[in-house]
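Asker: A single structure is presented below for examination.
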Amino acid sequence: MVARTSFETRPCPIARSLDEVGEWWSILLLRDAFQGLTRFDQFQKSLEIAPNILTRRLNSLVERGLFEKRAYCERPLRYEYVLTAKARDFRPVLLTLLAWGNRHLAPEGPSLVVVDTADGRWADPVLVDRETGRELDGGGFTMATGPKASDRMRQRYRFSSEGSGLPLVENAAGGEEEARSR
């Protein structure tokens with residue numbers, strides 16, 4: 001088996017996030033936990049996953065602070081896995097992934113949708129800026145390196161931002177990725 005590369009020490013928050021939850025079983029376990037599943041046998045039945053793999057994934061999610069492991073039965077000792085605040089912060093990412101999958105990978109139509117429980121309308125998740133309410137995938141937004149970015153990271157991006165509300169600074173060698181995508 002090929003050893004998996006870890007991104008946990010990389011300065012990029014996208015790489016670190018993938019290291020934290022990027023393994024597909026982890027994301028599916030989080031999906032099921034958001035639907036109320038908490039117990040080993042529930043996850044195993046839902047995902048049809050081998051017990052040894054499920055054990056490793058659950059332990060990893062506990063170690064990473066996404067699940068809290070709580071005993072619910074003393075004899076025999078059994079545990080449930082409860083979402084933490086860190087995991088609940090992942091919910092919008094999961095809903096956005098669901099919408100992206102429906103848009104680009106479901107030519108037969110959606111098999112899972114986000115629904116408004118008050119009126120039954122289907123919701124179309126979008127990311128918006130909390131302060132202005134503007135959609136982030138529209139024009140006017142870009143990724144910029146922050147104050148703690150390494151020189152190597154600054155070379156990949158056209159702009160730097162040293163603080164919220166401050167003007168963007170153009171990086172000397174930055175924008176290689178942006179220039180290639182044009």
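Convention: chains lettered A, B, ... in structure tokens order; per-chain residue numbering from 1; ligands numbered from 1 as shown.
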Near Glu162 of chain A, counting only C-alpha atoms, which residues have an atom at most 7 Å away, once you skip same-chain residues fewer than 2 positions from it, shown as a count of residues only?
Answerer: 4
Asker: Within segment 58-180 of chain A, find each residue whose DSSP state, derived from the backbone, is helix (DSSP H, G or I), and express the selection as a ChimeraX atom specification.
Answerer: /A:58-63,85-88,91-105,151-156,176-180
Asker: Neighbouring residues of Leu168 of chain A were defined as those with any atom within 10 Å, considering only C-alpha atoms; residues of the same chain fewer than 3 positions away were excluded. Please report them as a list in words.
Answerer: Ala144, Thr145, Arg158, Phe159, Ser160, Ser161, Glu162, Gly163, Ser164, Gly165 and Asn171 of chain A
Asker: Which is closest to Val62 of chain A among A:Arg91, A:Arg154, A:Lys86, A:Arg103, if we use only C-alpha atoms?
Answerer: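 Looking at the shortest contact to Val62 of chain A, the residue is A:Lys86.
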Asker: May I have the residues within 10 Å of Thr142 of chain A as a list in words, using only C-alpha atoms and disregarding those fewer than 4 positions away in the same chain?
Answerer: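 Within the cut-off, the hits are Leu136, Asp137, Gly138, Tyr157, Arg158, Phe159 and Glu178 of chain A.
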Asker: So what do you get for atom CA of Asp32 of chain A versus atom CA of Glu48 of chain A, distance-wise?
Answerer: 12.4 Å
Asker: Considering only C-alpha atoms, return as a PyMOL selection string whatever protein or nucleic-acid residues lie within 12 Å of Val126 of chain A, sequence-local ones (same chain, fewer than 5 positions apart) excluded.
Answerer: chain A and resi 92-100+114+133-138
Asker: Which value, in Å to one decimal, gives the distance between atom CA of Ala15 of chain A and atom CA of Glu63 of chain A?
Answerer: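 A separation of 18.3 Å between them.
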Asker: Going by DSSP on the backbone, which bits of segment 17-86 of chain A are strand (DSSP E or B)? Write them as a list of chain:residue names, please.
Answerer: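 Matching residues, listed in order: A:Arg39, A:Phe67, A:Glu68, A:Lys69, A:Arg70, A:Ala71, A:Tyr72, A:Cys73, A:Arg78, A:Tyr79, A:Glu80, A:Tyr81, A:Val82, A:Leu83.
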Asker: Tell me, as a PyMOL selection string, which residues lie within 9 Å of Leu58 of chain A, counting only C-alpha atoms; anything in the same chain fewer than 4 positions away does not count.
Answerer: chain A and resi 26+29+40+53-54+62-63+67+69+81
Asker: With N, CA, C and O atoms retained, write the just-selected residues as a compact mmCIF listing (two decimals), in the first residue's frame.
Answerer:
# COMPACT_ATOMS: atom_id res chain seq x y z
N SER A 26 -14.56 9.49 5.63
CA SER A 26 -14.76 10.51 6.67
C SER A 26 -15.90 11.45 6.31
O SER A 26 -16.75 11.77 7.13
N LEU A 29 -19.16 9.61 6.65
CA LEU A 29 -19.53 9.47 8.07
C LEU A 29 -20.10 10.78 8.60
O LEU A 29 -21.09 10.78 9.33
N PHE A 40 -21.94 2.81 15.88
CA PHE A 40 -21.12 2.02 14.97
C PHE A 40 -21.99 1.20 14.02
O PHE A 40 -21.81 1.24 12.80
N ILE A 53 -12.18 -0.82 8.75
CA ILE A 53 -12.06 0.51 8.13
C ILE A 53 -12.91 1.51 8.89
O ILE A 53 -12.48 2.63 9.17
N LEU A 54 -14.12 1.12 9.26
CA LEU A 54 -15.00 1.99 10.03
C LEU A 54 -14.36 2.38 11.36
O LEU A 54 -14.38 3.54 11.76
N VAL A 62 -12.45 11.15 15.79
CA VAL A 62 -12.39 11.48 17.21
C VAL A 62 -11.07 12.20 17.51
O VAL A 62 -11.05 13.26 18.15
N GLU A 63 -9.95 11.65 17.03
CA GLU A 63 -8.63 12.24 17.26
C GLU A 63 -8.54 13.65 16.69
O GLU A 63 -7.89 14.52 17.27
N PHE A 67 -15.60 14.25 16.01
CA PHE A 67 -16.58 13.46 16.77
C PHE A 67 -16.12 13.39 18.22
O PHE A 67 -14.92 13.36 18.50
N LYS A 69 -16.53 10.80 21.37
CA LYS A 69 -16.88 9.41 21.63
C LYS A 69 -17.47 9.32 23.04
O LYS A 69 -16.81 9.70 24.01
N TYR A 81 -20.98 8.23 18.58
CA TYR A 81 -20.08 9.26 18.05
C TYR A 81 -20.92 10.49 17.74
O TYR A 81 -21.79 10.45 16.86
